[in-house]
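Note: the block below is upload.txt and it holds compact mmCIF, C-alpha atoms.
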```txt
# COMPACT_ATOMS: atom_id res chain seq x y z
CA MET A 1408 -179.10 -44.22 30.77
CA GLN A 1409 -180.59 -41.23 28.99
CA ARG A 1410 -181.66 -43.36 26.06
CA TYR A 1411 -183.28 -45.98 28.31
CA MET A 1412 -185.19 -43.32 30.26
CA LYS A 1413 -186.12 -41.39 27.10
CA SER A 1414 -185.02 -38.33 29.02
CA ALA A 1415 -184.55 -34.83 27.62
CA MET A 1416 -182.46 -34.05 30.70
CA PRO A 1417 -178.94 -35.50 30.38
CA PHE A 1418 -177.39 -38.01 32.76
CA ARG A 1419 -173.97 -37.95 34.37
CA GLY A 1420 -173.92 -41.73 34.15
CA VAL A 1421 -173.77 -42.31 37.93
CA PRO A 1422 -175.65 -45.53 38.79
CA LYS A 1423 -177.91 -45.82 41.84
CA PRO A 1424 -175.46 -47.69 44.16
CA ALA A 1425 -172.81 -45.02 43.60
CA ARG A 1426 -175.34 -42.23 44.17
CA GLU A 1427 -176.49 -43.77 47.42
CA ARG A 1428 -172.90 -44.15 48.59
CA LEU A 1429 -172.21 -40.50 47.81
CA VAL A 1430 -175.34 -39.45 49.72
CA ARG A 1431 -174.27 -41.49 52.77
CA GLU A 1432 -170.84 -39.88 52.70
CA LEU A 1433 -172.35 -36.41 52.28
CA VAL A 1434 -174.78 -36.81 55.16
CA ALA A 1435 -172.14 -38.33 57.46
CA THR A 1436 -169.82 -35.35 57.05
CA ARG A 1437 -172.39 -32.57 57.55
CA GLU A 1438 -174.31 -31.29 60.54
CA VAL A 1439 -178.00 -32.10 60.49
CA PRO A 1440 -179.69 -29.06 58.88
CA SER A 1441 -182.72 -27.27 60.21
CA ALA A 1442 -186.02 -28.06 58.53
CA GLU A 1443 -185.88 -24.73 56.73
CA GLU A 1444 -182.30 -25.26 55.55
CA PHE A 1445 -183.13 -28.75 54.38
CA GLY A 1446 -186.18 -27.60 52.44
CA GLU A 1447 -184.23 -24.85 50.73
CA ALA A 1448 -181.42 -27.24 49.82
CA VAL A 1449 -183.57 -29.93 48.21
CA ARG A 1450 -185.64 -27.34 46.35
CA ALA A 1451 -182.51 -25.71 44.97
CA LEU A 1452 -181.03 -29.08 44.03
CA TRP A 1453 -184.17 -30.10 42.12
CA ASP A 1454 -184.95 -26.80 40.43
CA GLY A 1455 -181.33 -26.06 39.56
CA ALA A 1456 -180.55 -29.55 38.28
CA GLU A 1457 -178.67 -29.86 35.02
CA TYR A 1458 -178.42 -33.65 35.24
CA ARG A 1459 -181.09 -36.16 36.15
CA GLU A 1460 -179.02 -37.64 38.98
CA GLU A 1461 -179.24 -34.34 40.84
CA ARG A 1462 -182.99 -34.76 41.05
CA TYR A 1463 -182.57 -38.37 42.14
CA VAL A 1464 -180.35 -37.15 44.97
CA ALA A 1465 -182.88 -34.49 46.01
CA LEU A 1466 -185.54 -37.17 46.21
CA THR A 1467 -183.24 -39.57 48.08
CA LEU A 1468 -182.44 -36.90 50.65
CA THR A 1469 -186.13 -36.35 51.45
CA GLY A 1470 -186.28 -39.97 52.57
CA HIS A 1471 -183.03 -39.98 54.53
CA ARG A 1472 -183.67 -40.66 58.21
CA ARG A 1473 -180.76 -38.65 59.53
CA CYS A 1474 -181.09 -35.40 57.65
CA ALA A 1475 -184.70 -35.17 56.48
CA PRO A 1476 -187.09 -33.51 58.96
CA PRO A 1477 -190.36 -35.22 59.91
CA GLN A 1478 -192.81 -34.85 57.09
CA ASP A 1479 -196.48 -34.03 57.10
CA ALA A 1480 -199.09 -32.69 54.70
CA SER A 1481 -197.19 -29.43 54.38
CA TRP A 1482 -194.74 -31.29 52.10
CA VAL A 1483 -197.43 -32.08 49.55
CA PRO A 1484 -196.98 -28.89 47.48
CA LEU A 1485 -193.27 -29.66 47.07
CA TYR A 1486 -193.96 -33.21 45.94
CA ARG A 1487 -196.70 -31.99 43.63
CA HIS A 1488 -194.21 -29.63 42.01
CA TRP A 1489 -191.70 -32.44 41.61
CA ILE A 1490 -194.27 -34.78 40.07
CA VAL A 1491 -195.42 -32.18 37.56
CA SER A 1492 -191.98 -30.82 36.69
CA GLY A 1493 -190.32 -34.26 36.68
CA ALA A 1494 -193.09 -35.55 34.40
CA TRP A 1495 -191.86 -39.11 34.06
CA TRP A 1496 -192.44 -42.46 35.70
CA ASP A 1497 -189.13 -42.74 37.56
CA PHE A 1498 -189.82 -39.65 39.66
CA THR A 1499 -193.58 -40.15 39.90
CA ASP A 1500 -193.44 -43.74 41.11
CA GLU A 1501 -190.86 -43.06 43.82
CA ILE A 1502 -192.76 -40.02 45.09
CA ALA A 1503 -196.13 -41.78 44.94
CA ALA A 1504 -195.13 -44.95 46.76
CA ARG A 1505 -192.46 -43.68 49.15
CA ARG A 1506 -193.50 -40.11 49.94
CA ILE A 1507 -197.19 -39.53 49.24
CA GLY A 1508 -198.25 -43.03 50.31
CA PRO A 1509 -196.74 -42.76 53.81
CA LEU A 1510 -198.21 -39.27 54.21
CA LEU A 1511 -201.63 -40.65 53.26
CA ARG A 1512 -201.36 -43.43 55.83
CA ALA A 1513 -200.21 -40.97 58.52
CA ASP A 1514 -202.85 -38.33 57.80
CA PRO A 1515 -205.68 -39.67 55.65
CA ASP A 1516 -207.96 -36.74 56.48
CA ALA A 1517 -205.52 -34.32 54.85
CA LEU A 1518 -204.29 -36.47 51.97
CA THR A 1519 -207.45 -38.25 50.81
CA PRO A 1520 -209.09 -35.12 49.34
CA VAL A 1521 -205.77 -34.21 47.71
CA LEU A 1522 -205.58 -37.55 45.92
CA ARG A 1523 -209.22 -37.38 44.87
CA ALA A 1524 -208.47 -34.01 43.28
CA TRP A 1525 -205.28 -35.28 41.65
CA ALA A 1526 -207.21 -38.20 40.16
CA ARG A 1527 -209.15 -35.65 38.10
CA ASP A 1528 -206.31 -33.32 37.26
CA ASP A 1529 -205.27 -32.70 33.66
CA ASP A 1530 -201.71 -33.81 34.53
CA ARG A 1531 -201.33 -37.53 33.90
CA TRP A 1532 -198.53 -37.92 36.47
CA LEU A 1533 -200.68 -36.53 39.26
CA ARG A 1534 -203.41 -38.92 38.17
CA ARG A 1535 -200.98 -41.84 38.17
CA THR A 1536 -199.81 -40.82 41.65
CA ALA A 1537 -203.39 -40.84 42.90
CA VAL A 1538 -203.88 -44.38 41.60
CA ILE A 1539 -200.64 -45.95 42.86
CA ALA A 1540 -200.12 -44.04 46.13
CA GLN A 1541 -201.50 -46.98 48.13
CA LEU A 1542 -199.09 -49.60 46.82
CA GLY A 1543 -197.64 -50.02 50.31
CA SER A 1544 -200.91 -49.88 52.23
CA GLY A 1545 -201.67 -53.61 52.23
CA PRO A 1546 -204.72 -54.53 54.32
CA GLY A 1547 -205.05 -50.85 55.26
CA THR A 1548 -205.85 -49.80 51.71
CA ASP A 1549 -208.70 -47.33 51.48
CA LEU A 1550 -210.81 -49.20 48.95
CA ALA A 1551 -213.21 -46.32 48.40
CA LEU A 1552 -210.27 -44.08 47.52
CA LEU A 1553 -208.69 -46.72 45.30
CA THR A 1554 -211.98 -47.23 43.48
CA ASP A 1555 -212.52 -43.51 43.03
CA THR A 1556 -209.05 -42.80 41.69
CA ILE A 1557 -209.27 -45.67 39.21
CA GLU A 1558 -212.77 -44.84 38.02
CA ALA A 1559 -211.76 -41.21 37.51
CA THR A 1560 -209.23 -42.22 34.88
CA LEU A 1561 -210.77 -45.44 33.60
CA ASP A 1562 -211.38 -44.23 30.04
CA ASP A 1563 -208.02 -42.54 29.53
CA PRO A 1564 -206.00 -44.23 26.77
CA ASP A 1565 -202.65 -43.21 28.28
CA PHE A 1566 -200.31 -46.19 28.69
CA PHE A 1567 -198.88 -45.06 32.03
CA LEU A 1568 -202.32 -44.56 33.54
CA ARG A 1569 -203.55 -47.94 32.34
CA LYS A 1570 -200.37 -49.61 33.56
CA GLY A 1571 -200.71 -47.83 36.91
CA ILE A 1572 -204.29 -49.04 37.35
CA GLY A 1573 -203.23 -52.62 36.70
CA TRP A 1574 -200.28 -52.28 39.07
CA ALA A 1575 -202.42 -50.89 41.90
CA LEU A 1576 -204.97 -53.68 41.50
CA ARG A 1577 -202.32 -56.39 41.21
CA ARG A 1578 -200.64 -55.19 44.41
CA HIS A 1579 -203.91 -55.15 46.33
CA GLY A 1580 -204.62 -58.62 44.98
CA ARG A 1581 -201.87 -59.88 47.29
CA VAL A 1582 -204.07 -59.21 50.32
CA ASP A 1583 -207.59 -59.33 48.87
CA PRO A 1584 -207.73 -61.28 45.61
CA ASP A 1585 -211.50 -61.71 45.76
CA TRP A 1586 -212.00 -57.95 45.92
CA VAL A 1587 -209.77 -57.43 42.90
CA ARG A 1588 -211.54 -60.11 40.87
CA ALA A 1589 -214.90 -58.58 41.77
CA PHE A 1590 -213.65 -55.10 40.86
CA VAL A 1591 -212.43 -56.27 37.48
CA ASP A 1592 -215.70 -58.07 36.79
CA ALA A 1593 -217.67 -54.97 37.76
CA HIS A 1594 -215.65 -52.70 35.47
CA PRO A 1595 -215.84 -54.02 31.92
CA ALA A 1596 -214.46 -50.67 30.70
CA LEU A 1597 -211.05 -51.54 32.12
CA SER A 1598 -208.48 -51.59 29.34
CA PRO A 1599 -207.06 -54.97 28.34
CA LEU A 1600 -203.70 -53.84 29.73
CA SER A 1601 -205.16 -52.89 33.12
CA ARG A 1602 -207.15 -56.11 33.28
CA LYS A 1603 -204.16 -58.25 32.36
CA GLU A 1604 -201.93 -56.58 34.95
CA ALA A 1605 -204.60 -56.77 37.65
CA LEU A 1606 -205.18 -60.50 37.22
CA LYS A 1607 -201.57 -61.39 36.44
CA HIS A 1608 -201.10 -63.55 39.54
CA LEU A 1609 -204.74 -64.41 40.11
CA GLY A 1610 -205.21 -66.84 37.28
CA GLY A 1611 -207.09 -64.33 35.15
```
Serialized structure, structure tokens:
Amino acid sequence: MQRYMKSAMPFRGVPKPARERLVRELVATREVPSAEEFGEAVRALWDGAEYREERYVALTLTGHRRCAPPQDASWVPLYRHWIVSGAWWDFTDEIAARRIGPLLRADPDALTPVLRAWARDDDRWLRRTAVIAQLGSGPGTDLALLTDTIEATLDDPDFFLRKGIGWALRRHGRVDPDWVRAFVDAHPALSPLSRKEALKHLGG
């Protein structure tokens, strides 16, 4: 697992189904914590982690319906810290699509300026998050925001950013293929990788 993930942090070797079972058992045998207790626990679990699975569990807990408190924009600094300190696609993609994305849809006034700023940050994982945060937005995708976050990182040669751009466009192509084709045509500076990923299921 460590070799596949190219991770400096070691693994215990506990696969995802086993981790999820352990989390269910843990949550079922504990009282629901207060929001403050929960926040302290997941922060300690992440920051004190010696094995990568501990961080996976911290992230899983923040999405658990029974024990996680309702989330709003006040959670953004925590997720920003996790994106930057996790610094790899497995953490970034989960946080972007399943934590930041829902927060954006719930409170676009608060999250939109955050993502515009992240799209121009020096940290590539924040920039990737800004690009792919709307993967689950479907017809509700903010096209101005998607355009801005992509254009902000269009010239970057980083593989993960180029792959993320293609992924975001390919996903939106499910609901608006004409828009994606037009976007690709209007942006000749798109990398071959981004272009290929964007048009993967559109005959391009």
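Note that the spacing between CA of Phe1498 in chain A and CA of Leu1433 in chain A amounts to 21.8 Å.
One distance worth recording is that between CA of Lys1607 in chain A and CA of Gly1573 in chain A, which is 8.9 Å.
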> Looking at A:Arg1459, A:Arg1506, A:Arg1428, A:Arg1581, which one is nearest to His1608 in chain A, with distances taken over all atoms listed in the file?
Replying inline: A:Arg1581
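For the atom pair formed by CA of Ala1575 in chain A and CA of Arg1487 in chain A, the distance is 19.8 Å, given to one decimal.
Using all atoms listed in the file, the smallest distance between any of A:Ala1589, A:Ala1524, A:Leu1561, A:Ala1605 and Arg1577 in chain A comes from A:Ala1605.
Proximity of A:Glu1432, A:Asp1585, A:Glu1444, A:Asp1500 to Ala1475 in chain A, computed with all atoms listed in the file, is greatest for A:Glu1444.
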>> If we count all atoms listed in the file and set the cut-off at 12 Å, which residues sit around range 1513-1516 of chain A, ignoring sequence neighbours fewer than 5 positions away in its own chain? Please answer as a list in words.
In response: Pro1477, Gln1478, Asp1479, Ala1480, Ser1481, Val1483, Arg1506, Ile1507, Gly1508, Val1521, Leu1522, Arg1523, Ala1540, Gln1541, Ser1544, Gly1547, Thr1548, Asp1549 and Leu1552 of chain A
Store the residues of this selection in a file with C-alpha atoms, as a compact mmCIF listing (two decimals), in the frame of the given file.
```
# COMPACT_ATOMS: atom_id res chain seq x y z
CA PRO A 1477 -190.36 -35.22 59.91
CA GLN A 1478 -192.81 -34.85 57.09
CA ASP A 1479 -196.48 -34.03 57.10
CA ALA A 1480 -199.09 -32.69 54.70
CA SER A 1481 -197.19 -29.43 54.38
CA VAL A 1483 -197.43 -32.08 49.55
CA ARG A 1506 -193.50 -40.11 49.94
CA ILE A 1507 -197.19 -39.53 49.24
CA GLY A 1508 -198.25 -43.03 50.31
CA VAL A 1521 -205.77 -34.21 47.71
CA LEU A 1522 -205.58 -37.55 45.92
CA ARG A 1523 -209.22 -37.38 44.87
CA ALA A 1540 -200.12 -44.04 46.13
CA GLN A 1541 -201.50 -46.98 48.13
CA SER A 1544 -200.91 -49.88 52.23
CA GLY A 1547 -205.05 -50.85 55.26
CA THR A 1548 -205.85 -49.80 51.71
CA ASP A 1549 -208.70 -47.33 51.48
CA LEU A 1552 -210.27 -44.08 47.52
```
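Among the candidates A:Val1439, A:Ile1502, A:Ala1551, A:Leu1510, the one nearest to Tyr1463 in chain A when counting all atoms listed in the file is A:Ile1502.
The shell of residues at most 8 Å from Leu1576 in chain A, with only C-alpha atoms counted and near chain neighbours (fewer than 3 positions) removed, consists of A:Ile1572, A:Gly1573, A:His1579, A:Gly1580, A:Val1587, A:Glu1604, A:Ala1605.
Closest to Ala1465 in chain A among A:Pro1484, A:Gly1493, A:Pro1417, A:Pro1564 is A:Gly1493, based on all atoms listed in the file.
Using all atoms listed in the file, the smallest distance between any of A:Arg1426, A:Trp1574, A:Arg1535, A:Pro1476 and Ala1559 in chain A comes from A:Arg1535.
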